[in-house]
file model.cif (mmCIF, C-alpha atoms)
data_upload
#
loop_
_atom_site.group_PDB
_atom_site.id
_atom_site.type_symbol
_atom_site.label_atom_id
_atom_site.label_comp_id
_atom_site.auth_asym_id
_atom_site.auth_seq_id
_atom_site.Cartn_x
_atom_site.Cartn_y
_atom_site.Cartn_z
ATOM 1 C CA MET A 1 65.242 109.736 131.364
ATOM 2 C CA HIS A 2 67.166 107.420 129.035
ATOM 3 C CA CYS A 3 69.810 105.473 130.810
ATOM 4 C CA PHE A 4 72.132 102.577 130.337
ATOM 5 C CA SER A 5 75.034 101.185 132.244
ATOM 6 C CA GLY A 6 77.744 98.532 132.202
ATOM 7 C CA GLU A 7 80.450 97.319 134.533
ATOM 8 C CA GLY A 8 81.697 100.423 136.349
ATOM 9 C CA TYR A 9 79.943 103.101 134.288
ATOM 10 C CA LYS A 10 76.594 104.778 133.738
ATOM 11 C CA ILE A 11 75.227 107.058 130.978
ATOM 12 C CA GLU A 12 72.011 109.030 131.565
ATOM 13 C CA LEU A 13 70.116 111.464 129.367
ATOM 14 C CA ASP A 14 68.013 113.798 131.503
ATOM 15 C CA ASP A 15 65.465 115.426 129.205
ATOM 16 C CA THR A 16 64.351 118.030 131.724
ATOM 17 C CA SER A 17 67.811 119.495 132.238
ATOM 18 C CA ASN A 18 69.023 118.736 128.677
ATOM 19 C CA THR A 19 72.009 116.938 130.161
ATOM 20 C CA VAL A 20 73.841 113.721 129.378
ATOM 21 C CA ARG A 21 75.706 112.536 132.485
ATOM 22 C CA MET A 22 78.537 110.078 132.069
ATOM 23 C CA SER A 23 80.005 108.593 135.223
ATOM 24 C CA GLY A 24 82.394 105.895 136.418
ATOM 25 C CA ALA A 25 85.248 104.441 134.347
ATOM 26 C CA LEU A 26 84.802 103.800 130.620
ATOM 27 C CA ARG A 27 87.305 101.441 128.995
ATOM 28 C CA LEU A 28 85.288 99.722 126.295
ATOM 29 C CA GLY A 29 87.213 97.714 123.714
ATOM 30 C CA GLY A 30 87.132 99.924 120.627
ATOM 31 C CA LEU A 31 84.819 102.214 118.668
ATOM 32 C CA SER A 32 82.225 99.529 117.892
ATOM 33 C CA GLU A 33 81.657 98.955 121.598
ATOM 34 C CA TYR A 34 81.182 102.698 122.022
ATOM 35 C CA ALA A 35 78.545 102.813 119.234
ATOM 36 C CA PRO A 36 75.506 102.783 121.608
ATOM 37 C CA ILE A 37 77.016 105.741 123.498
ATOM 38 C CA SER A 38 77.670 107.633 120.234
ATOM 39 C CA GLU A 39 74.082 106.999 119.223
ATOM 40 C CA LEU A 40 72.701 108.283 122.528
ATOM 41 C CA LEU A 41 74.865 111.421 122.291
ATOM 42 C CA GLU A 42 73.939 112.158 118.670
ATOM 43 C CA ASN A 43 70.227 111.544 119.267
ATOM 44 C CA ALA A 44 70.396 113.919 122.219
ATOM 45 C CA LEU A 45 71.180 116.775 119.807
ATOM 46 C CA ASP A 46 67.843 116.264 118.007
ATOM 47 C CA GLY A 47 65.288 119.002 118.628
ATOM 48 C CA ARG A 48 67.348 120.760 121.279
ATOM 49 C CA GLU A 49 68.786 124.244 121.315
ATOM 50 C CA ALA A 50 71.368 123.383 123.924
ATOM 51 C CA LEU A 51 72.902 120.254 125.397
ATOM 52 C CA ILE A 52 75.226 119.751 128.356
ATOM 53 C CA ILE A 53 77.544 116.766 128.574
ATOM 54 C CA ASP A 54 78.378 116.374 132.247
ATOM 55 C CA LEU A 55 81.631 114.453 132.733
ATOM 56 C CA SER A 56 82.309 115.659 136.267
ATOM 57 C CA ALA A 57 81.927 112.119 137.655
ATOM 58 C CA LEU A 58 83.721 110.328 134.810
ATOM 59 C CA GLU A 59 86.892 109.134 136.521
ATOM 60 C CA PHE A 60 88.488 107.385 133.557
ATOM 61 C CA LEU A 61 88.109 107.374 129.769
ATOM 62 C CA ASN A 62 90.350 105.361 127.456
ATOM 63 C CA SER A 63 91.515 106.645 124.071
ATOM 64 C CA SER A 64 88.658 104.887 122.222
ATOM 65 C CA GLY A 65 86.294 106.813 124.493
ATOM 66 C CA ILE A 66 88.167 110.070 123.874
ATOM 67 C CA ALA A 67 87.866 109.368 120.120
ATOM 68 C CA THR A 68 84.113 108.744 120.526
ATOM 69 C CA LEU A 69 83.658 112.016 122.394
ATOM 70 C CA SER A 70 85.797 113.890 119.833
ATOM 71 C CA LYS A 71 83.786 112.494 116.917
ATOM 72 C CA PHE A 72 80.579 113.530 118.646
ATOM 73 C CA VAL A 73 81.918 117.081 119.079
ATOM 74 C CA ILE A 74 82.778 117.188 115.344
ATOM 75 C CA THR A 75 79.225 116.007 114.524
ATOM 76 C CA ALA A 76 77.701 118.716 116.758
ATOM 77 C CA ARG A 77 79.936 121.343 115.157
ATOM 78 C CA ASN A 78 78.980 120.248 111.635
ATOM 79 C CA ARG A 79 75.249 120.122 112.410
ATOM 80 C CA ASN A 80 75.433 123.566 113.940
ATOM 81 C CA ASP A 81 71.871 123.386 115.289
ATOM 82 C CA CYS A 82 72.473 122.857 119.016
ATOM 83 C CA ARG A 83 74.757 124.689 121.454
ATOM 84 C CA LEU A 84 77.070 122.307 123.241
ATOM 85 C CA ALA A 85 78.597 122.621 126.700
ATOM 86 C CA ILE A 86 80.873 120.166 128.463
ATOM 87 C CA GLN A 87 81.138 120.144 132.230
ATOM 88 C CA GLY A 88 84.401 118.727 133.580
ATOM 89 C CA SER A 89 86.036 118.462 136.975
ATOM 90 C CA ASN A 90 89.383 119.848 138.106
ATOM 91 C CA ALA A 91 89.659 116.976 140.562
ATOM 92 C CA ILE A 92 89.939 114.388 137.758
ATOM 93 C CA ALA A 93 93.413 114.478 136.257
ATOM 94 C CA TRP A 94 92.659 113.205 132.709
ATOM 95 C CA GLN A 95 90.027 115.877 132.132
ATOM 96 C CA GLY A 96 92.419 118.779 132.704
ATOM 97 C CA LYS A 97 94.813 117.168 130.250
ATOM 98 C CA SER A 98 92.537 115.996 127.451
ATOM 99 C CA LEU A 99 89.285 117.982 127.365
ATOM 100 C CA ASN A 100 90.900 121.148 126.003
ATOM 101 C CA ASN A 101 91.529 119.313 122.718
ATOM 102 C CA LEU A 102 87.768 119.362 122.136
ATOM 103 C CA LYS A 103 87.853 123.176 121.957
ATOM 104 C CA ARG A 104 90.294 122.865 119.093
ATOM 105 C CA LEU A 105 87.793 120.715 117.229
ATOM 106 C CA MET A 106 84.875 123.044 118.015
ATOM 107 C CA PRO A 107 85.839 126.574 119.052
ATOM 108 C CA ALA A 108 82.200 127.405 119.954
ATOM 109 C CA LEU A 109 82.147 124.600 122.538
ATOM 110 C CA GLU A 110 81.580 125.834 126.074
ATOM 111 C CA LEU A 111 83.994 124.020 128.366
ATOM 112 C CA ASN A 112 83.577 124.464 132.120
ATOM 113 C CA PHE A 113 85.484 122.983 135.038
ATOM 114 C CA ASP A 114 84.257 122.944 138.621
ATOM 115 C CA MET B 1 118.698 92.337 113.516
ATOM 116 C CA ILE B 2 117.257 94.422 116.336
ATOM 117 C CA GLN B 3 115.845 97.693 115.076
ATOM 118 C CA ASP B 4 115.162 100.636 117.391
ATOM 119 C CA HIS B 5 113.067 103.701 116.672
ATOM 120 C CA GLY B 6 114.092 106.131 119.380
ATOM 121 C CA GLN B 7 116.193 105.188 122.377
ATOM 122 C CA ILE B 8 115.202 102.091 124.321
ATOM 123 C CA ARG B 9 116.522 102.219 127.847
ATOM 124 C CA GLU B 10 118.377 99.198 129.242
ATOM 125 C CA ILE B 11 116.855 98.575 132.645
ATOM 126 C CA ARG B 12 119.196 97.279 135.328
ATOM 127 C CA HIS B 13 117.768 95.796 138.463
ATOM 128 C CA ASP B 14 119.721 97.632 141.114
ATOM 129 C CA ARG B 15 118.983 99.449 144.350
ATOM 130 C CA ASN B 16 118.265 102.695 142.493
ATOM 131 C CA THR B 17 115.583 101.227 140.285
ATOM 132 C CA GLU B 18 112.114 100.537 141.566
ATOM 133 C CA SER B 19 110.302 98.325 139.077
ATOM 134 C CA LEU B 20 107.247 96.157 138.611
ATOM 135 C CA ASP B 21 106.918 93.428 136.000
ATOM 136 C CA LEU B 22 103.694 91.831 134.808
ATOM 137 C CA SER B 23 103.353 89.113 132.181
ATOM 138 C CA PHE B 24 100.365 87.437 130.551
ATOM 139 C CA TRP B 25 99.741 84.569 128.145
ATOM 140 C CA PRO B 26 96.572 85.811 126.486
ATOM 141 C CA GLY B 27 95.664 82.532 124.773
ATOM 142 C CA SER B 28 94.706 81.057 128.123
ATOM 143 C CA LEU B 29 91.503 83.125 128.326
ATOM 144 C CA PRO B 30 89.319 84.775 125.653
ATOM 145 C CA LEU B 31 90.129 88.438 124.991
ATOM 146 C CA LYS B 32 86.654 89.542 126.008
ATOM 147 C CA GLN B 33 87.062 88.033 129.469
ATOM 148 C CA ARG B 34 90.593 89.320 129.825
ATOM 149 C CA TRP B 35 89.826 92.918 128.767
ATOM 150 C CA ARG B 36 88.676 93.994 132.254
ATOM 151 C CA ASN B 37 92.093 92.995 133.603
ATOM 152 C CA ASN B 38 93.659 95.850 131.609
ATOM 153 C CA GLY B 39 91.836 98.338 133.800
ATOM 154 C CA LEU B 40 92.551 96.411 136.997
ATOM 155 C CA SER B 41 96.284 96.168 136.187
ATOM 156 C CA ALA B 42 96.502 99.793 135.060
ATOM 157 C CA ASP B 43 94.758 101.062 138.203
ATOM 158 C CA PHE B 44 97.023 98.870 140.329
ATOM 159 C CA LEU B 45 100.120 100.424 138.727
ATOM 160 C CA GLY B 46 98.643 103.907 139.186
ATOM 161 C CA ASP B 47 97.907 103.269 142.867
ATOM 162 C CA TYR B 48 101.281 101.602 143.406
ATOM 163 C CA VAL B 49 103.290 104.661 142.383
ATOM 164 C CA THR B 50 101.351 106.971 144.732
ATOM 165 C CA THR B 51 103.377 105.500 147.639
ATOM 166 C CA PHE B 52 106.374 107.337 146.231
ATOM 167 C CA PHE B 53 104.501 110.656 146.111
ATOM 168 C CA PRO B 54 103.167 110.929 149.662
ATOM 169 C CA LEU B 55 100.578 113.472 150.736
ATOM 170 C CA ASP B 56 101.553 116.333 152.970
ATOM 171 C CA GLU B 57 98.412 117.720 154.625
ATOM 172 C CA THR B 58 100.075 121.119 155.019
ATOM 173 C CA ASP B 59 100.822 121.326 151.287
ATOM 174 C CA PRO B 60 97.742 121.039 149.031
ATOM 175 C CA SER B 61 99.895 120.779 145.903
ATOM 176 C CA THR B 62 100.957 117.267 146.961
ATOM 177 C CA ARG B 63 97.392 116.025 146.487
ATOM 178 C CA ALA B 64 97.195 117.427 142.965
ATOM 179 C CA ARG B 65 100.588 115.953 142.104
ATOM 180 C CA GLN B 66 99.676 112.527 143.442
ATOM 181 C CA SER B 67 96.406 112.549 141.542
ATOM 182 C CA GLU B 68 98.121 113.683 138.345
ATOM 183 C CA ILE B 69 100.765 110.945 138.529
ATOM 184 C CA ARG B 70 98.228 108.257 139.398
ATOM 185 C CA GLY B 71 96.057 109.372 136.463
ATOM 186 C CA ALA B 72 98.964 109.462 134.013
ATOM 187 C CA VAL B 73 100.252 106.005 134.992
ATOM 188 C CA SER B 74 96.797 104.489 134.902
ATOM 189 C CA PHE B 75 95.942 106.004 131.479
ATOM 190 C CA ILE B 76 99.250 105.060 129.846
ATOM 191 C CA ALA B 77 99.356 101.537 131.287
ATOM 192 C CA ASN B 78 95.760 100.932 130.223
ATOM 193 C CA GLU B 79 96.450 102.077 126.634
ATOM 194 C CA LEU B 80 99.579 99.945 126.385
ATOM 195 C CA LEU B 81 97.773 96.873 127.700
ATOM 196 C CA GLU B 82 94.790 97.431 125.380
ATOM 197 C CA ASN B 83 97.141 97.679 122.382
ATOM 198 C CA ALA B 84 99.002 94.577 123.486
ATOM 199 C CA MET B 85 95.758 92.595 123.781
ATOM 200 C CA LYS B 86 94.596 93.806 120.357
ATOM 201 C CA PHE B 87 97.818 93.305 118.411
ATOM 202 C CA HIS B 88 99.542 90.356 120.116
ATOM 203 C CA ASP B 89 99.880 87.268 117.898
ATOM 204 C CA GLU B 90 98.788 84.357 120.056
ATOM 205 C CA SER B 91 100.307 81.782 117.716
ATOM 206 C CA LEU B 92 103.800 82.902 118.719
ATOM 207 C CA PRO B 93 105.243 81.436 121.930
ATOM 208 C CA GLU B 94 105.737 84.782 123.642
ATOM 209 C CA PRO B 95 104.060 86.493 126.600
ATOM 210 C CA ILE B 96 102.698 90.018 126.768
ATOM 211 C CA THR B 97 104.874 91.878 129.250
ATOM 212 C CA MET B 98 104.512 95.187 131.042
ATOM 213 C CA ARG B 99 107.282 96.753 133.049
ATOM 214 C CA LEU B 100 107.054 99.959 135.021
ATOM 215 C CA CYS B 101 110.257 101.570 136.313
ATOM 216 C CA LEU B 102 110.406 104.512 138.633
ATOM 217 C CA PHE B 103 113.468 106.717 138.391
ATOM 218 C CA PRO B 104 114.116 109.924 140.364
ATOM 219 C CA GLU B 105 112.881 112.129 137.505
ATOM 220 C CA GLU B 106 111.066 109.787 135.146
ATOM 221 C CA ILE B 107 108.634 106.923 134.942
ATOM 222 C CA VAL B 108 109.405 104.441 132.153
ATOM 223 C CA PHE B 109 106.933 101.880 130.801
ATOM 224 C CA GLN B 110 108.134 99.064 128.575
ATOM 225 C CA GLN B 111 105.413 96.899 127.077
ATOM 226 C CA GLY B 112 106.265 93.918 124.890
ATOM 227 C CA ASN B 113 104.270 91.553 122.719
ATOM 228 C CA ALA B 114 104.772 89.301 119.714
ATOM 229 C CA THR B 115 103.564 90.040 116.218
ATOM 230 C CA GLY B 116 103.740 88.385 112.787
ATOM 231 C CA SER B 117 106.088 89.775 110.120
ATOM 232 C CA GLU B 118 103.354 91.430 108.050
ATOM 233 C CA ALA B 119 101.736 93.135 111.035
ATOM 234 C CA ALA B 120 105.205 94.235 112.198
ATOM 235 C CA ASP B 121 105.838 95.867 108.791
ATOM 236 C CA SER B 122 102.664 97.907 108.861
ATOM 237 C CA PHE B 123 103.222 98.861 112.506
ATOM 238 C CA ARG B 124 106.788 99.949 111.682
ATOM 239 C CA ALA B 125 105.438 102.164 108.878
ATOM 240 C CA PHE B 126 102.960 103.673 111.332
ATOM 241 C CA VAL B 127 105.730 104.303 113.891
ATOM 242 C CA GLU B 128 107.832 106.087 111.270
ATOM 243 C CA ARG B 129 104.877 108.257 110.261
ATOM 244 C CA LEU B 130 104.211 109.118 113.886
ATOM 245 C CA ARG B 131 107.840 110.038 114.526
ATOM 246 C CA ASP B 132 108.000 112.220 111.399
ATOM 247 C CA SER B 133 104.828 114.193 112.018
ATOM 248 C CA ASP B 134 103.641 116.968 114.264
ATOM 249 C CA PRO B 135 101.661 115.017 116.890
ATOM 250 C CA ASN B 136 99.147 117.820 117.490
ATOM 251 C CA GLU B 137 98.339 118.153 113.815
ATOM 252 C CA LEU B 138 98.214 114.408 113.278
ATOM 253 C CA TYR B 139 95.750 114.073 116.157
ATOM 254 C CA ILE B 140 93.324 116.614 114.690
ATOM 255 C CA GLN B 141 93.835 115.255 111.174
ATOM 256 C CA GLN B 142 93.044 111.679 112.228
ATOM 257 C CA LEU B 143 89.796 112.766 113.862
ATOM 258 C CA GLU B 144 88.691 115.166 111.122
ATOM 259 C CA GLU B 145 89.368 112.689 108.340
ATOM 260 C CA GLY B 146 87.649 109.881 110.181
ATOM 261 C CA ALA B 147 90.942 108.024 110.045
ATOM 262 C CA VAL B 148 90.401 106.584 113.497
ATOM 263 C CA SER B 149 89.542 102.941 112.979
ATOM 264 C CA GLU B 150 88.807 99.975 115.141
ATOM 265 C CA GLY B 151 92.305 98.551 115.004
ATOM 266 C CA SER B 152 94.133 101.851 115.323
ATOM 267 C CA ALA B 153 96.532 102.449 118.189
ATOM 268 C CA GLY B 154 97.261 105.956 116.949
ATOM 269 C CA LEU B 155 95.052 108.110 119.135
ATOM 270 C CA GLY B 156 96.273 106.444 122.308
ATOM 271 C CA TYR B 157 99.909 107.159 121.451
ATOM 272 C CA LEU B 158 99.077 110.692 120.307
ATOM 273 C CA THR B 159 97.180 111.375 123.534
ATOM 274 C CA MET B 160 100.204 110.219 125.564
ATOM 275 C CA ILE B 161 102.492 112.551 123.591
ATOM 276 C CA ASN B 162 100.208 115.588 123.389
ATOM 277 C CA ASP B 163 98.462 115.495 126.757
ATOM 278 C CA TYR B 164 101.020 113.777 129.001
ATOM 279 C CA GLY B 165 104.255 115.046 127.435
ATOM 280 C CA ALA B 166 105.351 111.432 126.889
ATOM 281 C CA GLU B 167 108.325 110.344 124.801
ATOM 282 C CA LEU B 168 107.813 107.144 122.841
ATOM 283 C CA ALA B 169 110.297 104.660 121.418
ATOM 284 C CA TRP B 170 110.009 101.200 119.861
ATOM 285 C CA ARG B 171 112.159 98.094 119.438
ATOM 286 C CA PHE B 172 111.565 95.394 116.816
ATOM 287 C CA GLU B 173 113.386 92.197 117.681
ATOM 288 C CA PRO B 174 113.190 89.218 115.295
ATOM 289 C CA LEU B 175 112.068 85.954 116.901
ATOM 290 C CA VAL B 176 113.895 82.701 116.157
ATOM 291 C CA SER B 177 110.958 81.046 114.402
ATOM 292 C CA HIS B 178 109.245 83.966 112.646
ATOM 293 C CA GLY B 179 107.695 87.301 113.541
ATOM 294 C CA PHE B 180 108.929 89.927 115.940
ATOM 295 C CA ARG B 181 108.895 90.858 119.566
ATOM 296 C CA VAL B 182 107.823 94.514 119.632
ATOM 297 C CA THR B 183 108.597 96.692 122.641
ATOM 298 C CA THR B 184 106.858 100.033 123.097
ATOM 299 C CA GLN B 185 108.545 102.334 125.590
ATOM 300 C CA VAL B 186 106.811 105.357 127.091
ATOM 301 C CA THR B 187 108.707 107.828 129.261
ATOM 302 C CA ILE B 188 107.104 110.598 131.276
ATOM 303 C CA LYS B 189 108.891 113.229 133.346
ATOM 304 C CA ILE B 190 107.804 113.514 136.959
#
call {"tool": "encode", "arguments": {"input": "model.cif", "output": "structure tokens"}}
result
Amino acid sequence: MHCFSGEGYKIELDDTSNTVRMSGALRLGGLSEYAPISELLENALDGREALIIDLSALEFLNSSGIATLSKFVITARNRNDCRLAIQGSNAIAWQGKSLNNLKRLMPALELNFD
Amino acid sequence: MIQDHGQIREIRHDRNTESLDLSFWPGSLPLKQRWRNNGLSADFLGDYVTTFFPLDETDPSTRARQSEIRGAVSFIANELLENAMKFHDESLPEPITMRLCLFPEEIVFQQGNATGSEAADSFRAFVERLRDSDPNELYIQQLEEGAVSEGSAGLGYLTMINDYGAELAWRFEPLVSHGFRVTTQVTIKI
């Protein structure tokens, strides 16, 4: 389990379930502050056939975070060596509004809402 | 000369207008320390408006509506405050301001900050490009071309337009000494 956290948020990579869980509220101040998260996400694609990004407990994500997630989806699409699924929640308003854009960037992305 | 891009609404303080005003003087505290206040202020505004969209236990759609409005207000206010903190010119004797007005069918945000003449020029060019383009295409294009940079406010505005159906407008008002007071207005239908 790789894990790091900051004020109000937590990111965990669970190797056994091939899942990155992001939870809390992420409002870091720009792409450079998101770099460690980008790195964790991109490294998680290495040597895997499938990866799940579980956002169902991520209450808030600012536009720099949405950009980070979008860039990661573009990277996964271009590498084309690992299936990607994103798990969202219907109870969190921003996810219903913004996560569908990721499908436009990567049509093969599996997007699920609980 | 005051220059508007889109229609800036004149807000009157009367019994039909519910409004909240916040103002900050960012020089008094380093940006890093102040950044967390963006989230606190944005969440406060989001929670504040929920009073006007009460829950009805017999109607489940009221919960979804309240959550949607809280989320929209919190996201938009947070983006506007982040931009203000990033682009405000502390050398100019102006505060950062945030106003939220609740009308029967709309919520209007007006966020103001000061900026130097050069920064105002490049921001004005960006505003014109945004207003002339298809926001959905521009969003994808910015991501695909890696055009999203550290100092870019673009994706935040595009997310408001594309995902929240927001209408944006700007006012550039010359300051007496030099530079401009820039107002960004965001309107969402409720």
call {"tool": "closest_atom_pairs", "arguments": {"input": "model.cif", "of": "chain A", "to": "chain B", "cutoff": "8 Å", "atoms": "only C-alpha atoms", "output": "Markdown table"}}
result
| residue | atom | partner | partner_atom | distance |
| --- | --- | --- | --- | --- |
| A:Arg27 | CA | B:Gly39 | CA | 7.3 |
| A:Gly29 | CA | B:Trp35 | CA | 7.4 |
| A:Gly30 | CA | B:Glu150 | CA | 5.7 |
| A:Leu31 | CA | B:Glu150 | CA | 5.8 |
| A:Ser32 | CA | B:Glu150 | CA | 7.1 |
| A:Phe60 | CA | B:Phe75 | CA | 7.9 |
| A:Asn62 | CA | B:Phe75 | CA | 6.9 |
| A:Ser63 | CA | B:Gly156 | CA | 5.1 |
| A:Ser64 | CA | B:Gly156 | CA | 7.8 |
| A:Ala67 | CA | B:Leu155 | CA | 7.4 |
| A:Ser70 | CA | B:Leu143 | CA | 7.3 |
| A:Lys71 | CA | B:Leu143 | CA | 6.7 |
| A:Ile74 | CA | B:Glu144 | CA | 7.5 |
| A:Ala91 | CA | B:Ala64 | CA | 7.9 |
| A:Ile92 | CA | B:Ser67 | CA | 7.7 |
| A:Ala93 | CA | B:Glu68 | CA | 5.2 |
| A:Trp94 | CA | B:Gly71 | CA | 6.4 |
| A:Lys97 | CA | B:Asp163 | CA | 5.3 |
| A:Ser98 | CA | B:Asp163 | CA | 6.0 |
| A:Leu105 | CA | B:Ile140 | CA | 7.3 |
call {"tool": "atom_distance", "arguments": {"input": "model.cif", "atom1": "CA of Asp134 in chain B", "atom2": "CA of Asn100 in chain A"}}
result
17.8 Å
call {"tool": "residues_around", "arguments": {"input": "model.cif", "residues": "Asn113 in chain B", "least_positions_apart": "3", "cutoff": "6 Å", "atoms": "only C-alpha atoms", "output": "ChimeraX atom specification"}}
result
/B:88,96,181-182
call {"tool": "closest_residue", "arguments": {"input": "model.cif", "among": "B:Gln141, B:Ser122, B:Thr115, B:Gln110", "to": "Leu175 in chain B", "atoms": "all atoms listed in the file"}}
result
B:Thr115
call {"tool": "atom_distance", "arguments": {"input": "model.cif", "atom1": "CA of Glu39 in chain A", "atom2": "CA of Phe113 in chain A"}}
result
25.2 Å
call {"tool": "closest_residue", "arguments": {"input": "model.cif", "among": "B:Leu102, B:Leu22, B:Ile188, B:Ala169", "to": "Arg9 in chain B", "atoms": "all atoms listed in the file"}}
result
B:Ala169
call {"tool": "residues_near_point", "arguments": {"input": "model.cif", "point": "(80.2, 98.3, 134.0)", "cutoff": "12 Å", "atoms": "all atoms listed in the file", "output": "JSON, numbers by chain"}}
result
{"A": [4, 5, 6, 7, 8, 9, 10, 11, 23, 24, 25, 26, 27, 28], "B": [36, 39]}
call {"tool": "resolve_selection", "arguments": {"input": "model.cif", "expression": "the PyMOL selection byres ((chain A and resi 103) around 12)", "output": "tab-separated table (two decimals) with C-alpha atoms, in the frame of the given file"}}
result
chain	number	residue	atom	x	y	z
A	69	LEU	CA	83.66	112.02	122.39
A	70	SER	CA	85.80	113.89	119.83
A	73	VAL	CA	81.92	117.08	119.08
A	74	ILE	CA	82.78	117.19	115.34
A	77	ARG	CA	79.94	121.34	115.16
A	84	LEU	CA	77.07	122.31	123.24
A	85	ALA	CA	78.60	122.62	126.70
A	86	ILE	CA	80.87	120.17	128.46
A	98	SER	CA	92.54	116.00	127.45
A	99	LEU	CA	89.28	117.98	127.36
A	100	ASN	CA	90.90	121.15	126.00
A	101	ASN	CA	91.53	119.31	122.72
A	102	LEU	CA	87.77	119.36	122.14
A	104	ARG	CA	90.29	122.86	119.09
A	105	LEU	CA	87.79	120.72	117.23
A	106	MET	CA	84.88	123.04	118.02
A	107	PRO	CA	85.84	126.57	119.05
A	108	ALA	CA	82.20	127.40	119.95
A	109	LEU	CA	82.15	124.60	122.54
A	110	GLU	CA	81.58	125.83	126.07
A	111	LEU	CA	83.99	124.02	128.37
A	112	ASN	CA	83.58	124.46	132.12
B	140	ILE	CA	93.32	116.61	114.69
call {"tool": "atom_distance", "arguments": {"input": "model.cif", "atom1": "CA of Pro26 in chain B", "atom2": "CA of Met98 in chain B"}}
result
13.1 Å
call {"tool": "closest_residue", "arguments": {"input": "model.cif", "among": "A:Thr19, A:Gln95, A:Thr68, A:Thr75", "to": "Glu49 in chain A", "atoms": "only C-alpha atoms"}}
result
A:Thr19
call {"tool": "resolve_selection", "arguments": {"input": "model.cif", "expression": "the PyMOL selection byres ((chain A and resi 21) around 9)", "output": "ChimeraX atom specification"}}
result
/A:10-14,19-20,22-23,52-58
call {"tool": "resolve_selection", "arguments": {"input": "model.cif", "expression": "the PyMOL selection byres ((chain B and resi 93) around 10)", "output": "JSON, numbers by chain"}}
result
{"B": [25, 89, 90, 91, 92, 94, 95, 114, 175, 177]}
call {"tool": "closest_residue", "arguments": {"input": "model.cif", "among": "A:Cys3, A:Leu40, A:Leu51, A:Ala35", "to": "Gln87 in chain A", "atoms": "all atoms listed in the file"}}
result
A:Leu51
